[in-house]
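Novice: This is the structure, below, for whatever I ask next.
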Amino acid sequence: MTGTAVVVGAGVGGLATAIGLRRAGWRVTVRERRTEVECYGTAFALHPGAQDALERLGVGEAVRARAVPYRSAQVRTPGGRVLAQLPLERLERKAGRPELLISRPYLIDALLARLDALGEVTVRLGENVTDPAALADGYDLVVGADGINSAVREAWFGSGSGPRKVGSVAWIGIADLDSAVHGETWGRGRFFGLTPIEAGRTNWYAAVPEGTDAAGLRALFEGWHDPIPRILERGDPATWLRYEMRHLFPALPTFVHAGQAGKVALVGDAAHAMTPNLGQGACTALLDAEALTRAVTHHGRLALPAALRAYDRERRRTAQRTALASRTLHRIVSTERTWLRDTAARLLPG
Ligand SMILES: Cc1cc2nc3c(=O)[nH]c(=O)nc-3n(C[C@H](O)[C@H](O)[C@H](O)COP(=O)(O)OP(=O)(O)OC[C@H]3O[C@@H](n4cnc5c(N)ncnc54)[C@H](O)[C@@H]3O)c2cc1C
């Protein structure tokens with residue numbers, strides 16, 4: 001079937017949904033509150049399932065050209081002792097290809113280029129959607145891809161679920177060096193992660209208690225194994241990003257509304273924002289986008305409610321399980337009880 005759709009939000013989830021709907025012949029309008037599509041950010045992990053979704057959206061090759069494989073990583077103590085291997089090799093053996101890492105700007109660029117090549121998608125920038133309920137009058141389908149503070153979610157699904165803080169902030173950045181070690185280093189109530197991103201550069205992230213500023217960040221990781229203190233000492237805090245770590249709580253009872261008043265679906269963070277511990281934020285948004293567009297493609301126009309319910313069945317439980325696992329991992333790695341943290345590391349299926 002085809003029809004008209006409005007996608008609210010031009011992040012990873014919104015752009016991918018617009019591509020999928022346009023490929024299926026829909027007339028699509030994207031409305032983004034920012035005056036340009038923001039091309040900043042650090043690295044995203046793309047597991048093989050998300051790579052398949054990108055392939056089906058026609059963006060696989062463009063993404064592979066800018067991504068790097070993530071093949072080997074360990075969990076360490078602050079002194080550098082290896083506690084466990086992250087299960088990357090096992091995942092690669094199972095999928096027949098490695099997990100990839102891509103810088104957010106490259107992923108956004110690839111999605112925008114694809115949208116441009118498809119043509120006939122109207123992207124309206126600088127449009128903050130303040131009355132999402134009214135959108136149903138003008139479009140067959142409204143997609144809420146407007147992130148954790150989703151106005152579409154609030155308007156159509158109420159305020160029963162909302163963003164909840166988890167007591168930590170994440171600082172993220174890219175260092176101009178190649179690191180010999182990758183993975184995560186788990187300390188008492190804080191942790192530091194290092195991943196490849198491209199030659200000569202290393203992606204890093206640190207989760208620390210709320211209220212930690214850049215100077216406090218350096219102090220918290222003083223004496224940790226190389227290159228952590230080096231990255232923080234030499235880095236320019238003006239280039240670092242600070243995120244409040246939040247997740248959507250409680251989990252939504254549905255990702256879709258398929259009543260007389262309108263047909264609405266949520267994708268990405270709007271539907272299931274999660275803590276970043278499993279590195280699944282972009283992957284789950286891509287899987288949602290591909291599943292939603294596949295569902296509506298394979299149903300007739302009058303069957304849009306059935307298509308939305310099929311999307312909800314395919315994605316809701318899986319995405320919410322991922323969010324719960326990510327939150328649980330956050331609790332473990334943020335604990336002050338190092339025995340609990342070290343035991344959990346040893347249980348990782350490396
Ligand atoms: C600029 C930016 C940089 C990021 N950098 C990183 C990073 O480095 N590492 C990381 O792990 N995660 C990062 N994220 C988060 C990550 O992209 C998401 O968690 C994940 O990709 C899911 O994406 P999403 O499309 O569901 O939501 P988001 O990426 O949050 O996109 C939502 C979009 O909707 C728009 N929007 C919100 N409300 C409205 C409204 N009322 N009307 C119109 N538009 C609206 C927002 O401006 C935004 O562009 C970043 C997000 C943004 C927006």
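We name chains A, B, ... following the order of the structure tokens; residues begin at 1 in each chain, and ligands are numbered from 1 as shown.
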So which residues are near ligand 1, meaning at most 7 Å away with only C-alpha atoms and all ligand atoms counted, given back as a PDB file with N, CA and C atoms, in the first residue's frame?

Specialist:
```
ATOM      1  N   VAL A   8       7.989  12.850  12.290  1.00  0.00           N
ATOM      2  CA  VAL A   8       8.428  13.944  13.156  1.00  0.00           C
ATOM      3  C   VAL A   8       9.798  13.584  13.721  1.00  0.00           C
ATOM      4  N   GLY A   9      10.822  14.353  13.325  1.00  0.00           N
ATOM      5  CA  GLY A   9      12.184  14.104  13.807  1.00  0.00           C
ATOM      6  C   GLY A   9      13.077  13.576  12.700  1.00  0.00           C
ATOM      7  N   ALA A  10      14.241  14.209  12.537  1.00  0.00           N
ATOM      8  CA  ALA A  10      15.193  13.787  11.493  1.00  0.00           C
ATOM      9  C   ALA A  10      16.482  13.288  12.132  1.00  0.00           C
ATOM     10  N   GLY A  11      16.341  12.434  13.152  1.00  0.00           N
ATOM     11  CA  GLY A  11      17.503  11.713  13.694  1.00  0.00           C
ATOM     12  C   GLY A  11      17.662  10.420  12.902  1.00  0.00           C
ATOM     13  N   VAL A  12      18.428   9.482  13.447  1.00  0.00           N
ATOM     14  CA  VAL A  12      18.655   8.203  12.759  1.00  0.00           C
ATOM     15  C   VAL A  12      17.318   7.504  12.471  1.00  0.00           C
ATOM     16  N   GLY A  13      16.436   7.442  13.482  1.00  0.00           N
ATOM     17  CA  GLY A  13      15.171   6.728  13.329  1.00  0.00           C
ATOM     18  C   GLY A  13      14.267   7.385  12.299  1.00  0.00           C
ATOM     19  N   GLY A  14      14.162   8.715  12.335  1.00  0.00           N
ATOM     20  CA  GLY A  14      13.268   9.423  11.415  1.00  0.00           C
ATOM     21  C   GLY A  14      13.759   9.344   9.977  1.00  0.00           C
ATOM     22  N   ARG A  31       9.446  16.442   9.400  1.00  0.00           N
ATOM     23  CA  ARG A  31       9.455  17.752  10.081  1.00  0.00           C
ATOM     24  C   ARG A  31      10.425  17.695  11.240  1.00  0.00           C
ATOM     25  N   GLU A  32      11.423  18.565  11.199  1.00  0.00           N
ATOM     26  CA  GLU A  32      12.513  18.558  12.184  1.00  0.00           C
ATOM     27  C   GLU A  32      12.604  19.938  12.822  1.00  0.00           C
ATOM     28  N   ARG A  33      12.672  19.960  14.138  1.00  0.00           N
ATOM     29  CA  ARG A  33      12.652  21.259  14.817  1.00  0.00           C
ATOM     30  C   ARG A  33      13.963  22.037  14.643  1.00  0.00           C
ATOM     31  N   ARG A  34      15.077  21.322  14.447  1.00  0.00           N
ATOM     32  CA  ARG A  34      16.346  22.041  14.293  1.00  0.00           C
ATOM     33  C   ARG A  34      16.397  22.673  12.906  1.00  0.00           C
ATOM     34  N   VAL A  37      19.923  19.446   9.889  1.00  0.00           N
ATOM     35  CA  VAL A  37      20.058  18.104  10.466  1.00  0.00           C
ATOM     36  C   VAL A  37      21.427  18.051  11.126  1.00  0.00           C
ATOM     37  N   GLU A  38      21.426  17.826  12.435  1.00  0.00           N
ATOM     38  CA  GLU A  38      22.674  17.918  13.188  1.00  0.00           C
ATOM     39  C   GLU A  38      23.600  16.754  12.845  1.00  0.00           C
ATOM     40  N   CYS A  39      24.791  17.094  12.380  1.00  0.00           N
ATOM     41  CA  CYS A  39      25.741  16.049  11.987  1.00  0.00           C
ATOM     42  C   CYS A  39      26.864  15.923  13.004  1.00  0.00           C
ATOM     43  N   TYR A  40      26.565  16.072  14.273  1.00  0.00           N
ATOM     44  CA  TYR A  40      27.637  15.847  15.230  1.00  0.00           C
ATOM     45  C   TYR A  40      27.366  14.577  16.028  1.00  0.00           C
ATOM     46  N   GLY A  41      28.328  14.200  16.849  1.00  0.00           N
ATOM     47  CA  GLY A  41      28.169  12.985  17.643  1.00  0.00           C
ATOM     48  C   GLY A  41      29.388  12.101  17.474  1.00  0.00           C
ATOM     49  N   THR A  42      29.479  11.076  18.282  1.00  0.00           N
ATOM     50  CA  THR A  42      30.652  10.191  18.212  1.00  0.00           C
ATOM     51  C   THR A  42      30.235   8.871  17.566  1.00  0.00           C
ATOM     52  N   ALA A  43      30.786   7.731  18.070  1.00  0.00           N
ATOM     53  CA  ALA A  43      30.597   6.482  17.319  1.00  0.00           C
ATOM     54  C   ALA A  43      29.336   5.728  17.714  1.00  0.00           C
ATOM     55  N   PHE A  44      28.731   5.078  16.719  1.00  0.00           N
ATOM     56  CA  PHE A  44      27.609   4.176  16.940  1.00  0.00           C
ATOM     57  C   PHE A  44      28.051   2.765  16.608  1.00  0.00           C
ATOM     58  N   ARG A 104      28.694   8.991  14.055  1.00  0.00           N
ATOM     59  CA  ARG A 104      27.307   9.446  13.832  1.00  0.00           C
ATOM     60  C   ARG A 104      27.182  10.359  12.617  1.00  0.00           C
ATOM     61  N   GLU A 127      11.010  23.255  12.067  1.00  0.00           N
ATOM     62  CA  GLU A 127       9.578  23.113  12.384  1.00  0.00           C
ATOM     63  C   GLU A 127       9.392  22.294  13.643  1.00  0.00           C
ATOM     64  N   ASN A 128       9.224  22.991  14.732  1.00  0.00           N
ATOM     65  CA  ASN A 128       8.984  22.305  15.996  1.00  0.00           C
ATOM     66  C   ASN A 128       7.518  21.900  16.046  1.00  0.00           C
ATOM     67  N   VAL A 129       7.245  20.625  16.038  1.00  0.00           N
ATOM     68  CA  VAL A 129       5.853  20.169  16.051  1.00  0.00           C
ATOM     69  C   VAL A 129       5.317  20.294  17.474  1.00  0.00           C
ATOM     70  N   THR A 130       4.345  21.159  17.642  1.00  0.00           N
ATOM     71  CA  THR A 130       3.820  21.394  18.996  1.00  0.00           C
ATOM     72  C   THR A 130       2.413  20.820  19.181  1.00  0.00           C
ATOM     73  N   ALA A 145       9.283  10.067  15.584  1.00  0.00           N
ATOM     74  CA  ALA A 145      10.707   9.704  15.662  1.00  0.00           C
ATOM     75  C   ALA A 145      11.429  10.857  16.333  1.00  0.00           C
ATOM     76  N   ASP A 146      10.746  11.429  17.330  1.00  0.00           N
ATOM     77  CA  ASP A 146      11.226  12.682  17.911  1.00  0.00           C
ATOM     78  C   ASP A 146      11.918  12.503  19.255  1.00  0.00           C
ATOM     79  N   GLY A 147      12.561  11.359  19.432  1.00  0.00           N
ATOM     80  CA  GLY A 147      13.494  11.206  20.546  1.00  0.00           C
ATOM     81  C   GLY A 147      12.850  11.019  21.913  1.00  0.00           C
ATOM     82  N   ILE A 148      13.702  11.031  22.933  1.00  0.00           N
ATOM     83  CA  ILE A 148      13.261  10.648  24.284  1.00  0.00           C
ATOM     84  C   ILE A 148      12.163  11.565  24.834  1.00  0.00           C
ATOM     85  N   ASN A 149      12.185  12.857  24.460  1.00  0.00           N
ATOM     86  CA  ASN A 149      11.152  13.781  24.974  1.00  0.00           C
ATOM     87  C   ASN A 149       9.959  13.872  24.030  1.00  0.00           C
ATOM     88  N   SER A 150       9.730  12.847  23.252  1.00  0.00           N
ATOM     89  CA  SER A 150       8.745  12.841  22.167  1.00  0.00           C
ATOM     90  C   SER A 150       7.415  13.543  22.468  1.00  0.00           C
ATOM     91  N   ALA A 151       7.142  14.571  21.656  1.00  0.00           N
ATOM     92  CA  ALA A 151       5.837  15.246  21.746  1.00  0.00           C
ATOM     93  C   ALA A 151       4.747  14.354  21.153  1.00  0.00           C
ATOM     94  N   ILE A 172      31.296  12.071  26.290  1.00  0.00           N
ATOM     95  CA  ILE A 172      31.799  11.311  25.142  1.00  0.00           C
ATOM     96  C   ILE A 172      32.681  12.213  24.284  1.00  0.00           C
ATOM     97  N   VAL A 267       8.963   5.254  16.744  1.00  0.00           N
ATOM     98  CA  VAL A 267      10.196   4.506  16.466  1.00  0.00           C
ATOM     99  C   VAL A 267      11.348   5.111  17.279  1.00  0.00           C
ATOM    100  N   GLY A 268      12.373   4.300  17.515  1.00  0.00           N
ATOM    101  CA  GLY A 268      13.606   4.788  18.154  1.00  0.00           C
ATOM    102  C   GLY A 268      13.396   5.220  19.594  1.00  0.00           C
ATOM    103  N   ASP A 269      14.139   6.261  19.979  1.00  0.00           N
ATOM    104  CA  ASP A 269      14.099   6.706  21.372  1.00  0.00           C
ATOM    105  C   ASP A 269      12.708   7.134  21.812  1.00  0.00           C
ATOM    106  N   ALA A 270      11.884   7.618  20.907  1.00  0.00           N
ATOM    107  CA  ALA A 270      10.520   8.010  21.274  1.00  0.00           C
ATOM    108  C   ALA A 270       9.771   6.813  21.845  1.00  0.00           C
ATOM    109  N   ALA A 273      13.563   4.722  24.601  1.00  0.00           N
ATOM    110  CA  ALA A 273      14.899   5.269  24.913  1.00  0.00           C
ATOM    111  C   ALA A 273      15.551   4.437  25.996  1.00  0.00           C
ATOM    112  N   PRO A 276      22.863   3.925  27.329  1.00  0.00           N
ATOM    113  CA  PRO A 276      23.697   3.535  26.182  1.00  0.00           C
ATOM    114  C   PRO A 276      24.618   2.339  26.441  1.00  0.00           C
ATOM    115  N   GLY A 279      25.121  -0.116  23.723  1.00  0.00           N
ATOM    116  CA  GLY A 279      25.403   0.476  22.416  1.00  0.00           C
ATOM    117  C   GLY A 279      24.347   0.122  21.393  1.00  0.00           C
ATOM    118  N   GLY A 281      21.307   2.078  20.846  1.00  0.00           N
ATOM    119  CA  GLY A 281      20.363   3.160  20.529  1.00  0.00           C
ATOM    120  C   GLY A 281      20.114   3.292  19.033  1.00  0.00           C
ATOM    121  N   ALA A 282      21.184   3.362  18.248  1.00  0.00           N
ATOM    122  CA  ALA A 282      21.015   3.528  16.801  1.00  0.00           C
ATOM    123  C   ALA A 282      20.507   2.231  16.174  1.00  0.00           C
ATOM    124  N   ALA A 285      16.794   1.807  16.663  1.00  0.00           N
ATOM    125  CA  ALA A 285      16.045   2.785  15.846  1.00  0.00           C
ATOM    126  C   ALA A 285      16.003   2.316  14.391  1.00  0.00           C
TER     127      ALA A 285
END
```

Novice: Which neighbours of Gly119 of chain A fall inside 12 Å, counting only C-alpha atoms, when residues of the same chain fewer than 6 positions from it are skipped, and could you give them as a VMD selection string?

Specialist: chain A and resid 18 to 19 22 to 23 25 to 29 112 to 113

Novice: Looking at only C-alpha atoms, which of A:Ser179, A:Val296, A:Ala310, A:Ser326 is the one that sits closest to Ala24 of chain A?

Specialist: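 Ranking A:Ser179, A:Val296, A:Ala310, A:Ser326 by distance to Ala24 of chain A, first place goes to A:Val296.
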
Novice: Could you please determine the separation between atom CA of Thr4 of chain A and atom CA of Ala155 of chain A in Å, to one decimal place?

Specialist: 20.0 Å

Novice: For Ala199 of chain A, list every protein, DNA or RNA residue within 10 Å, evaluated using only C-alpha atoms, and leave out those in the same chain fewer than 2 positions away; present the list as a VMD selection string.

Specialist: chain A and resid 68 176 to 178 196 to 197 201 to 202

Novice: Using DSSP on the backbone, list every residue of segment 120-294 of chain A that comes out as alpha helix (DSSP H), and give them as a ChimeraX atom specification.

Specialist: /A:132-135,151-157,214-220,228-234,269-272,281-294

Novice: Kindly provide the residues of segment 290-345 of chain A that approach segment 82-92 of chain A to within 12 Å, each paired with its closest atom pair and their distance in Å to one decimal, based on only C-alpha atoms, listed by chain and increasing number, as JSON lines.

Specialist:
```
{"residue": "A:Thr338", "atom": "CA", "partner": "A:Leu83", "partner_atom": "CA", "distance": 11.8}
{"residue": "A:Trp339", "atom": "CA", "partner": "A:Leu83", "partner_atom": "CA", "distance": 11.7}
{"residue": "A:Arg341", "atom": "CA", "partner": "A:Leu83", "partner_atom": "CA", "distance": 10.0}
{"residue": "A:Asp342", "atom": "CA", "partner": "A:Leu83", "partner_atom": "CA", "distance": 7.0}
{"residue": "A:Thr343", "atom": "CA", "partner": "A:Leu83", "partner_atom": "CA", "distance": 9.0}
{"residue": "A:Ala344", "atom": "CA", "partner": "A:Ala84", "partner_atom": "CA", "distance": 9.5}
{"residue": "A:Ala345", "atom": "CA", "partner": "A:Ala84", "partner_atom": "CA", "distance": 5.8}
```

Novice: Work out how far apart atom CA of Ile231 of chain A and atom CA of Pro69 of chain A are and give it in Å to one decimal.

Specialist: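 Here the two named atoms are 22.0 Å from each other.
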
Novice: Skip Ala325 of chain A itself and residues of its chain fewer than 2 positions away, then list as number ranges by chain all residues within 12 Å of it, counting only C-alpha atoms.

Specialist: A: 247, 274-280, 318-323, 327-332

Novice: Keeping only C-alpha atoms, write the selected residues as an mmCIF file, in the first residue's frame.

Specialist:
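Final output, result-v3.cif:
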```
data_model
loop_
_atom_site.group_PDB
_atom_site.id
_atom_site.type_symbol
_atom_site.label_atom_id
_atom_site.label_comp_id
_atom_site.auth_asym_id
_atom_site.auth_seq_id
_atom_site.Cartn_x
_atom_site.Cartn_y
_atom_site.Cartn_z
ATOM 1 C CA HIS A 247 15.659 5.876 29.820
ATOM 2 C CA MET A 274 17.523 3.260 26.755
ATOM 3 C CA THR A 275 20.762 3.821 28.612
ATOM 4 C CA PRO A 276 23.697 3.535 26.182
ATOM 5 C CA ASN A 277 25.420 0.607 27.949
ATOM 6 C CA LEU A 278 24.748 -1.972 25.259
ATOM 7 C CA GLY A 279 25.403 0.476 22.416
ATOM 8 C CA GLN A 280 21.993 -0.296 20.916
ATOM 9 C CA THR A 318 12.403 -7.189 21.599
ATOM 10 C CA ALA A 319 13.280 -3.514 21.902
ATOM 11 C CA GLN A 320 12.023 -3.359 25.478
ATOM 12 C CA ARG A 321 14.078 -6.441 26.415
ATOM 13 C CA THR A 322 17.153 -4.720 24.990
ATOM 14 C CA ALA A 323 16.344 -1.573 26.993
ATOM 15 C CA ARG A 327 19.564 -0.656 32.216
ATOM 16 C CA THR A 328 20.598 -3.780 34.161
ATOM 17 C CA LEU A 329 24.131 -3.563 32.782
ATOM 18 C CA HIS A 330 24.173 0.101 33.767
ATOM 19 C CA ARG A 331 23.304 -0.850 37.350
ATOM 20 C CA ILE A 332 26.071 -3.448 37.443
#
```
